[in-house]
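Peer 1: Supplied structure: target.csv, CSV, C-alpha atoms.
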chain,number,residue,atom,x,y,z
J,88,MET,CA,-81.3,-77.7,-34.9
J,89,LYS,CA,-84.4,-79.2,-36.6
J,90,THR,CA,-83.3,-78.0,-40.0
J,91,LEU,CA,-79.8,-79.4,-39.4
J,92,LEU,CA,-81.0,-83.0,-38.7
J,93,PRO,CA,-81.8,-83.9,-42.4
J,94,TRP,CA,-78.3,-82.7,-43.4
J,95,LEU,CA,-76.7,-84.7,-40.7
J,96,LEU,CA,-78.6,-87.7,-42.0
J,97,TRP,CA,-77.3,-87.0,-45.5
J,98,VAL,CA,-73.7,-86.9,-44.3
J,99,TRP,CA,-74.3,-90.1,-42.1
J,100,MET,CA,-75.7,-92.1,-45.0
J,101,ALA,CA,-73.0,-90.8,-47.4
J,102,VAL,CA,-70.3,-92.0,-45.0
J,103,VAL,CA,-72.1,-95.4,-44.6
J,104,ILE,CA,-72.2,-95.9,-48.4
J,105,TRP,CA,-68.5,-95.1,-48.6
J,106,ALA,CA,-67.7,-97.3,-45.6
J,107,ALA,CA,-69.7,-100.2,-47.0
J,108,PHE,CA,-67.4,-100.4,-50.0
J,109,PHE,CA,-64.0,-99.0,-48.8
J,110,TYR,CA,-63.9,-99.5,-45.0
J,111,SER,CA,-65.5,-102.8,-44.4
J,112,PRO,CA,-63.5,-106.0,-45.3
J,113,LEU,CA,-65.1,-108.7,-47.4
J,114,ALA,CA,-66.8,-111.6,-45.6
J,115,ALA,CA,-65.3,-115.0,-45.9
J,116,GLY,CA,-67.1,-117.6,-48.1
J,117,PHE,CA,-68.9,-115.1,-50.4
J,118,ILE,CA,-68.3,-114.8,-54.1
J,119,GLY,CA,-66.5,-111.6,-55.2
J,120,GLN,CA,-67.9,-108.4,-53.6
J,121,SER,CA,-71.3,-109.9,-52.9
J,122,SER,CA,-71.0,-109.7,-49.1
J,123,ARG,CA,-71.3,-105.9,-49.4
J,124,VAL,CA,-75.1,-106.3,-50.2
J,125,LEU,CA,-75.4,-107.1,-46.5
J,126,PHE,CA,-75.0,-103.4,-45.6
J,127,PHE,CA,-78.1,-102.6,-47.7
J,128,HIS,CA,-80.2,-105.8,-47.4
J,129,VAL,CA,-80.0,-106.3,-43.6
J,130,PRO,CA,-80.7,-102.7,-42.4
J,131,LEU,CA,-83.7,-102.5,-44.9
J,132,ALA,CA,-85.1,-105.7,-43.4
J,133,TRP,CA,-84.5,-104.6,-39.8
J,134,THR,CA,-86.1,-101.2,-40.5
J,135,ALA,CA,-89.1,-102.9,-42.1
J,136,PHE,CA,-89.4,-105.0,-38.9
J,137,VAL,CA,-89.2,-101.8,-36.7
J,138,GLY,CA,-91.9,-100.2,-38.9
J,139,PHE,CA,-94.3,-103.1,-38.5
J,140,LEU,CA,-93.8,-103.2,-34.8
J,141,ALA,CA,-94.3,-99.4,-34.6
J,142,ALA,CA,-97.5,-99.9,-36.5
J,143,ALA,CA,-98.6,-102.4,-33.8
J,144,VAL,CA,-97.7,-99.9,-31.1
J,145,TRP,CA,-99.8,-97.1,-32.7
J,146,SER,CA,-102.6,-99.5,-33.3
J,147,ALA,CA,-102.6,-100.4,-29.6
J,148,ARG,CA,-102.6,-96.7,-28.7
J,149,TYR,CA,-105.6,-96.2,-31.0
J,150,LEU,CA,-107.6,-99.2,-29.5
J,151,PHE,CA,-106.8,-98.6,-25.9
J,152,PHE,CA,-106.0,-94.9,-25.5
J,153,GLY,CA,-108.8,-92.6,-26.8
J,154,ARG,CA,-109.4,-93.8,-30.4
J,155,ARG,CA,-107.5,-90.9,-31.8
J,156,LEU,CA,-107.5,-90.6,-35.6
J,157,ARG,CA,-103.8,-89.6,-35.6
J,158,ASP,CA,-102.8,-92.9,-34.1
J,159,ASP,CA,-104.7,-94.8,-36.8
J,160,ARG,CA,-103.1,-92.6,-39.4
J,161,ALA,CA,-99.6,-93.2,-38.0
J,162,ALA,CA,-100.1,-97.0,-37.9
J,163,ALA,CA,-101.3,-97.1,-41.5
J,164,VAL,CA,-98.4,-95.0,-42.7
J,165,ALA,CA,-95.9,-97.1,-40.7
J,166,VAL,CA,-97.2,-100.2,-42.5
J,167,GLU,CA,-97.0,-98.5,-45.9
J,168,VAL,CA,-93.4,-97.2,-45.5
J,169,GLY,CA,-92.4,-100.5,-43.8
J,170,PHE,CA,-93.8,-102.4,-46.8
J,171,VAL,CA,-91.6,-100.4,-49.2
J,172,PHE,CA,-88.5,-101.2,-47.0
J,173,CYS,CA,-89.5,-104.9,-47.0
J,174,VAL,CA,-89.9,-104.9,-50.8
J,175,LEU,CA,-86.4,-103.3,-51.1
J,176,ALA,CA,-85.0,-105.9,-48.7
J,177,THR,CA,-86.5,-108.7,-50.8
J,178,VAL,CA,-85.1,-107.2,-54.0
J,179,THR,CA,-81.6,-106.7,-52.6
J,180,GLY,CA,-81.7,-110.3,-51.2
J,181,ALA,CA,-82.7,-111.7,-54.6
J,182,LEU,CA,-79.8,-109.8,-56.3
J,183,TRP,CA,-77.5,-111.4,-53.7
J,184,ALA,CA,-79.1,-114.8,-54.3
J,185,ARG,CA,-78.4,-114.5,-58.0
J,186,ILE,CA,-74.7,-114.2,-57.3
J,187,MET,CA,-74.4,-116.8,-54.6
J,188,TRP,CA,-77.1,-119.4,-55.5
J,189,GLY,CA,-77.3,-118.8,-59.2
J,190,ALA,CA,-81.0,-117.8,-59.3
J,191,TYR,CA,-82.9,-114.7,-58.1
J,192,TRP,CA,-85.5,-116.9,-56.4
J,193,ASN,CA,-85.1,-120.3,-54.8
J,194,TRP,CA,-88.0,-120.6,-52.3
J,195,ASP,CA,-85.4,-120.8,-49.5
J,196,PRO,CA,-87.2,-120.6,-46.1
J,197,ARG,CA,-85.9,-117.0,-45.7
J,198,GLN,CA,-87.3,-115.9,-49.1
J,199,THR,CA,-90.6,-117.7,-48.4
J,200,SER,CA,-90.9,-116.1,-45.0
J,201,ILE,CA,-90.3,-112.6,-46.3
J,202,ILE,CA,-92.9,-113.1,-49.0
J,203,LEU,CA,-95.4,-114.3,-46.3
J,204,VAL,CA,-94.7,-111.1,-44.3
J,205,LEU,CA,-95.3,-109.0,-47.5
J,206,ILE,CA,-98.6,-110.9,-48.1
J,207,PHE,CA,-99.6,-110.4,-44.5
J,208,TYR,CA,-99.1,-106.6,-44.7
J,209,GLY,CA,-100.4,-106.4,-48.3
J,210,ALA,CA,-103.6,-107.9,-46.8
J,211,TYR,CA,-103.6,-105.1,-44.1
J,212,LEU,CA,-103.5,-102.5,-46.9
J,213,SER,CA,-106.2,-104.2,-48.8
J,214,LEU,CA,-108.3,-104.4,-45.7
J,215,ARG,CA,-108.0,-100.6,-45.2
J,216,GLY,CA,-108.9,-100.0,-48.9
J,217,ALA,CA,-112.0,-102.3,-48.6
J,218,VAL,CA,-113.8,-100.7,-45.6
J,219,GLU,CA,-115.4,-97.3,-46.3
J,220,ASP,CA,-116.5,-96.4,-42.8
J,221,GLY,CA,-113.6,-94.6,-41.2
J,222,GLU,CA,-114.1,-95.7,-37.6
J,223,LYS,CA,-114.8,-99.3,-38.5
J,224,ARG,CA,-111.7,-99.3,-40.8
J,225,ALA,CA,-109.5,-98.0,-38.1
J,226,ARG,CA,-110.8,-100.5,-35.5
J,227,LEU,CA,-110.4,-103.5,-37.8
J,228,ALA,CA,-107.0,-102.4,-39.1
J,229,ALA,CA,-105.7,-101.8,-35.5
J,230,VAL,CA,-106.7,-105.4,-34.4
J,231,TYR,CA,-105.1,-106.8,-37.6
J,232,ALA,CA,-101.8,-104.8,-37.1
J,233,LEU,CA,-101.7,-106.1,-33.5
J,234,LEU,CA,-101.6,-109.6,-34.9
J,235,GLY,CA,-98.4,-108.5,-36.5
J,236,VAL,CA,-96.7,-108.6,-33.1
J,237,VAL,CA,-96.9,-112.4,-33.3
J,238,VAL,CA,-96.6,-112.9,-37.1
J,239,THR,CA,-93.7,-110.6,-37.9
J,240,PRO,CA,-91.2,-111.9,-35.2
J,241,PHE,CA,-92.2,-115.4,-36.1
J,242,PHE,CA,-91.3,-115.0,-39.8
J,243,PHE,CA,-88.3,-112.7,-39.2
J,244,PHE,CA,-86.6,-114.6,-36.3
J,245,ILE,CA,-88.2,-118.0,-35.6
J,246,VAL,CA,-88.6,-119.5,-39.0
J,247,PRO,CA,-85.0,-119.0,-40.0
J,248,ARG,CA,-83.9,-120.7,-36.8
J,249,ILE,CA,-86.1,-123.8,-37.0
J,250,THR,CA,-85.7,-124.6,-40.7
J,251,TYR,CA,-82.7,-125.6,-42.8
J,252,SER,CA,-81.7,-122.7,-45.0
J,253,LEU,CA,-78.9,-121.7,-47.4
J,254,HIS,CA,-79.1,-118.2,-46.1
J,255,PRO,CA,-76.1,-117.0,-44.1
J,256,ASP,CA,-76.5,-117.0,-40.3
J,257,SER,CA,-78.3,-114.0,-38.7
J,258,VAL,CA,-76.2,-111.3,-37.1
J,259,ILE,CA,-77.0,-112.9,-33.8
J,260,ASN,CA,-76.5,-116.5,-34.8
J,261,SER,CA,-78.2,-119.7,-33.6
J,262,ARG,CA,-75.8,-119.9,-30.7
J,263,GLY,CA,-76.8,-116.5,-29.6
J,264,GLU,CA,-73.4,-114.9,-30.5
J,265,VAL,CA,-72.5,-112.1,-32.8
J,266,ASP,CA,-69.9,-113.7,-35.1
J,267,MET,CA,-68.9,-110.8,-37.4
J,268,GLU,CA,-65.8,-108.8,-38.0
J,269,SER,CA,-65.9,-105.6,-35.9
J,270,ARG,CA,-65.6,-103.2,-38.9
J,271,MET,CA,-68.4,-105.0,-40.7
J,272,LEU,CA,-70.6,-104.8,-37.5
J,273,GLN,CA,-69.8,-101.0,-37.1
J,274,VAL,CA,-71.0,-100.3,-40.7
J,275,LEU,CA,-74.0,-102.6,-40.4
J,276,LEU,CA,-75.2,-100.8,-37.2
J,277,ALA,CA,-74.5,-97.4,-38.6
J,278,ALA,CA,-76.5,-98.3,-41.8
J,279,PHE,CA,-79.4,-99.5,-39.6
J,280,ALA,CA,-79.4,-96.3,-37.6
J,281,GLY,CA,-79.4,-94.3,-40.9
J,282,ASN,CA,-82.2,-96.4,-42.4
J,283,ALA,CA,-84.3,-96.1,-39.2
J,284,ALA,CA,-83.9,-92.3,-39.2
J,285,LEU,CA,-84.9,-92.2,-42.9
J,286,PHE,CA,-88.0,-94.4,-42.1
J,287,PHE,CA,-89.2,-92.0,-39.4
J,288,TRP,CA,-88.5,-88.9,-41.5
J,289,ILE,CA,-90.6,-90.3,-44.4
J,290,HIS,CA,-93.2,-91.5,-41.9
J,291,ASN,CA,-93.4,-88.0,-40.4
J,292,LEU,CA,-93.8,-86.3,-43.8
J,293,GLN,CA,-96.4,-88.8,-45.0
J,294,CYS,CA,-98.5,-88.5,-41.8
J,295,ARG,CA,-98.5,-84.7,-42.1
J,296,LEU,CA,-99.5,-84.9,-45.8
J,297,ARG,CA,-102.3,-87.3,-45.0
J,298,ALA,CA,-103.6,-85.0,-42.2
J,299,LEU,CA,-103.6,-82.1,-44.7
J,300,ALA,CA,-105.5,-84.2,-47.3
J,301,GLU,CA,-108.0,-85.5,-44.8
J,302,GLY,CA,-108.6,-81.9,-43.5
J,303,LYS,CA,-109.3,-80.8,-47.1
J,304,ALA,CA,-111.6,-83.6,-47.8
J,305,ARG,CA,-113.7,-82.9,-44.7
J,306,PRO,CA,-116.7,-80.6,-45.6
C,26,MET,CA,-56.6,-91.3,-61.4
C,27,GLU,CA,-58.8,-94.2,-62.5
C,28,LEU,CA,-62.1,-94.9,-60.8
C,29,GLY,CA,-62.5,-98.6,-60.1
C,30,GLY,CA,-65.7,-100.6,-60.4
C,31,LEU,CA,-66.4,-100.1,-56.6
C,32,GLY,CA,-65.9,-96.3,-57.0
C,33,TRP,CA,-68.6,-96.2,-59.7
C,34,ILE,CA,-71.0,-98.2,-57.5
C,35,VAL,CA,-70.4,-95.7,-54.6
C,36,ILE,CA,-71.1,-92.8,-57.0
C,37,VAL,CA,-74.3,-94.3,-58.3
C,38,ASN,CA,-75.4,-95.0,-54.7
C,39,LEU,CA,-74.6,-91.4,-53.6
C,40,VAL,CA,-76.5,-89.9,-56.6
C,41,ILE,CA,-79.6,-92.0,-55.7
C,42,TRP,CA,-79.3,-91.1,-52.0
C,43,THR,CA,-78.8,-87.4,-52.8
C,44,GLY,CA,-81.8,-87.4,-55.1
C,45,LEU,CA,-84.1,-89.0,-52.5
C,46,PHE,CA,-82.7,-86.6,-49.9
C,47,LEU,CA,-83.4,-83.5,-51.9
C,48,TYR,CA,-86.9,-84.7,-52.8
C,49,LEU,CA,-87.7,-85.3,-49.1
C,50,LEU,CA,-86.2,-81.9,-48.1
C,51,ARG,CA,-88.3,-80.2,-50.8
C,52,LEU,CA,-91.4,-82.1,-49.7
C,53,GLY,CA,-90.9,-81.1,-46.1
C,54,LYS,CA,-90.7,-77.4,-47.1
C,55,ARG,CA,-93.9,-77.8,-49.1
C,56,VAL,CA,-95.7,-79.5,-46.3
C,57,LYS,CA,-94.7,-76.8,-43.9
C,58,GLU,CA,-96.0,-74.1,-46.3
C,59,LEU,CA,-99.3,-75.9,-46.6
C,60,GLU,CA,-99.6,-76.3,-42.8
C,61,LYS,CA,-99.1,-72.5,-42.4
C,62,GLU,CA,-101.7,-71.7,-45.0
C,63,ARG,CA,-104.3,-73.7,-43.1
Could you take the file, read its structure, and then write that structure out as structure tokens?
Peer 2:
Amino acid sequence: MKTLLPWLLWVWMAVVIWAAFFYSPLAAGFIGQSSRVLFFHVPLAWTAFVGFLAAAVWSARYLFFGRRLRDDRAAAVAVEVGFVFCVLATVTGALWARIMWGAYWNWDPRQTSIILVLIFYGAYLSLRGAVEDGEKRARLAAVYALLGVVVTPFFFFIVPRITYSLHPDSVINSRGEVDMESRMLQVLLAAFAGNAALFFWIHNLQCRLRALAEGKARP
Amino acid sequence: MELGGLGWIVIVNLVIWTGLFLYLLRLGKRVKELEKER
């Protein structure tokens, strides 16, 4: 069963890619086919958010439940992989902005907030690189990642709702409703599930690789 | 049968996804081997 799961994910994502272009209708008010970027951009951003929250959970486990190295490792890898997803969300968003707004970058509140999230987690990675002592590094990084529980939802969910932005409404809009065509919503949720599975697959591999490398480095 | 613009985009996406998938699959096998060696 375990060996079958990656193949199931391949089929799942292949169907999502097909559905994004041939099953889902176009959204109203978008230029040409640009609304299809949604099925890549939004799941990438949501998965990055899940990754950063998972990092906070592993950090809390490290701080409050036994100071185990594997929890620190899992938190660090979650931020690294989440960071890549966040960069990809930024790039796909900029490609969409070029079509809709005429420029890749406009300093729209959404674009500014995602850059601030990237700076926040870039600083986390720098912090880890700057402290040599393993235990001190793990402790400081865990406290910093816990701050992410406040910072990440603020930039992902609160800033877009309290500022005027050209960015389309969130999936759950400002009135707390899901205002999206049902086939679009199906593809979007399926894409998110696939992206989340991909995140945890990469996370698992990277954690095991890091454990092997750390085992080798130990005298 | 002519493949439209969307068809090409789907094919490029599938090639990228399959490449990443095969890379991860191979990496997973290699990690398992290394874990067994230890």
Peer 1: Give me the residues within 7 Å of region 148-164 of chain J as a VMD selection string, counting all atoms listed in the file and dropping any in the same chain fewer than 3 places off.
Peer 2: chain J and resid 142 to 145 167 to 168 225 to 226 229 290 293 to 294
Peer 1: Write out as a count of residues only which residues come within 8 Å of Trp97 (chain J) when counting all atoms listed in the file, dropping same-chain ones fewer than 2 positions away.
Peer 2: 9
Peer 1: Residues of chain C were defined as contacting chain J if any atom lay at most 9 Å from it, counting all atoms listed in the file; please report them as a ChimeraX atom specification.
Peer 2: /C:31-32,34-35,38-39,42-43,46,49-50,52-53,56-57,59-60,63
Peer 1: In Å, rounded to a single decimal, give me how far CA of Tyr191 (chain J) is from CA of Val204 (chain J).
Peer 2: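 Between CA of Val204 (chain J) and CA of Tyr191 (chain J) the gap is 18.5 Å.
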Peer 1: Quick one, how far is CA of Lys54 (chain C) from CA of Val171 (chain J)?
Peer 2: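 So the two atoms, CA of Lys54 (chain C) and CA of Val171 (chain J), lie 23.1 Å apart.
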Peer 1: Starting from the incomplete input, reconstruct N, CA and C atoms of region 164-181 of chain J and report them as a PDB file, in the frame of the given file.
Peer 2:
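What ended up in result-v3.pdb:
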ATOM      1  N   VAL J 164     -99.558 -95.469 -41.995  1.00  0.00           N
ATOM      2  CA  VAL J 164     -98.400 -95.000 -42.700  1.00  0.00           C
ATOM      3  C   VAL J 164     -97.150 -95.833 -42.366  1.00  0.00           C
ATOM      4  N   ALA J 165     -97.042 -96.281 -41.113  1.00  0.00           N
ATOM      5  CA  ALA J 165     -95.900 -97.100 -40.700  1.00  0.00           C
ATOM      6  C   ALA J 165     -95.913 -98.430 -41.525  1.00  0.00           C
ATOM      7  N   VAL J 166     -97.108 -98.993 -41.740  1.00  0.00           N
ATOM      8  CA  VAL J 166     -97.200-100.200 -42.500  1.00  0.00           C
ATOM      9  C   VAL J 166     -96.801 -99.919 -43.998  1.00  0.00           C
ATOM     10  N   GLU J 167     -97.313 -98.811 -44.538  1.00  0.00           N
ATOM     11  CA  GLU J 167     -97.000 -98.500 -45.900  1.00  0.00           C
ATOM     12  C   GLU J 167     -95.499 -98.300 -46.161  1.00  0.00           C
ATOM     13  N   VAL J 168     -94.881 -97.504 -45.293  1.00  0.00           N
ATOM     14  CA  VAL J 168     -93.400 -97.200 -45.500  1.00  0.00           C
ATOM     15  C   VAL J 168     -92.641 -98.518 -45.162  1.00  0.00           C
ATOM     16  N   GLY J 169     -93.055 -99.262 -44.124  1.00  0.00           N
ATOM     17  CA  GLY J 169     -92.400-100.500 -43.800  1.00  0.00           C
ATOM     18  C   GLY J 169     -92.494-101.509 -44.951  1.00  0.00           C
ATOM     19  N   PHE J 170     -93.624-101.495 -45.627  1.00  0.00           N
ATOM     20  CA  PHE J 170     -93.800-102.400 -46.800  1.00  0.00           C
ATOM     21  C   PHE J 170     -92.808-102.078 -47.881  1.00  0.00           C
ATOM     22  N   VAL J 171     -92.589-100.791 -48.134  1.00  0.00           N
ATOM     23  CA  VAL J 171     -91.600-100.400 -49.200  1.00  0.00           C
ATOM     24  C   VAL J 171     -90.210-100.882 -48.753  1.00  0.00           C
ATOM     25  N   PHE J 172     -89.855-100.699 -47.477  1.00  0.00           N
ATOM     26  CA  PHE J 172     -88.500-101.200 -47.000  1.00  0.00           C
ATOM     27  C   PHE J 172     -88.434-102.691 -47.151  1.00  0.00           C
ATOM     28  N   CYS J 173     -89.533-103.393 -46.870  1.00  0.00           N
ATOM     29  CA  CYS J 173     -89.500-104.900 -47.000  1.00  0.00           C
ATOM     30  C   CYS J 173     -89.366-105.310 -48.410  1.00  0.00           C
ATOM     31  N   VAL J 174     -90.027-104.605 -49.350  1.00  0.00           N
ATOM     32  CA  VAL J 174     -89.900-104.900 -50.800  1.00  0.00           C
ATOM     33  C   VAL J 174     -88.411-104.727 -51.191  1.00  0.00           C
ATOM     34  N   LEU J 175     -87.820-103.610 -50.748  1.00  0.00           N
ATOM     35  CA  LEU J 175     -86.400-103.300 -51.100  1.00  0.00           C
ATOM     36  C   LEU J 175     -85.478-104.398 -50.502  1.00  0.00           C
ATOM     37  N   ALA J 176     -85.796-104.849 -49.280  1.00  0.00           N
ATOM     38  CA  ALA J 176     -85.000-105.900 -48.700  1.00  0.00           C
ATOM     39  C   ALA J 176     -85.105-107.198 -49.491  1.00  0.00           C
ATOM     40  N   THR J 177     -86.312-107.480 -49.989  1.00  0.00           N
ATOM     41  CA  THR J 177     -86.500-108.700 -50.800  1.00  0.00           C
ATOM     42  C   THR J 177     -85.733-108.586 -52.115  1.00  0.00           C
ATOM     43  N   VAL J 178     -85.783-107.411 -52.744  1.00  0.00           N
ATOM     44  CA  VAL J 178     -85.100-107.200 -54.000  1.00  0.00           C
ATOM     45  C   VAL J 178     -83.575-107.339 -53.843  1.00  0.00           C
ATOM     46  N   THR J 179     -83.031-106.675 -52.813  1.00  0.00           N
ATOM     47  CA  THR J 179     -81.600-106.700 -52.600  1.00  0.00           C
ATOM     48  C   THR J 179     -81.153-108.180 -52.247  1.00  0.00           C
ATOM     49  N   GLY J 180     -82.025-108.885 -51.512  1.00  0.00           N
ATOM     50  CA  GLY J 180     -81.700-110.300 -51.200  1.00  0.00           C
ATOM     51  C   GLY J 180     -81.718-111.146 -52.442  1.00  0.00           C
ATOM     52  N   ALA J 181     -82.655-110.878 -53.355  1.00  0.00           N
ATOM     53  CA  ALA J 181     -82.700-111.700 -54.600  1.00  0.00           C
ATOM     54  C   ALA J 181     -81.496-111.386 -55.476  1.00  0.00           C
TER      55      ALA J 181
END
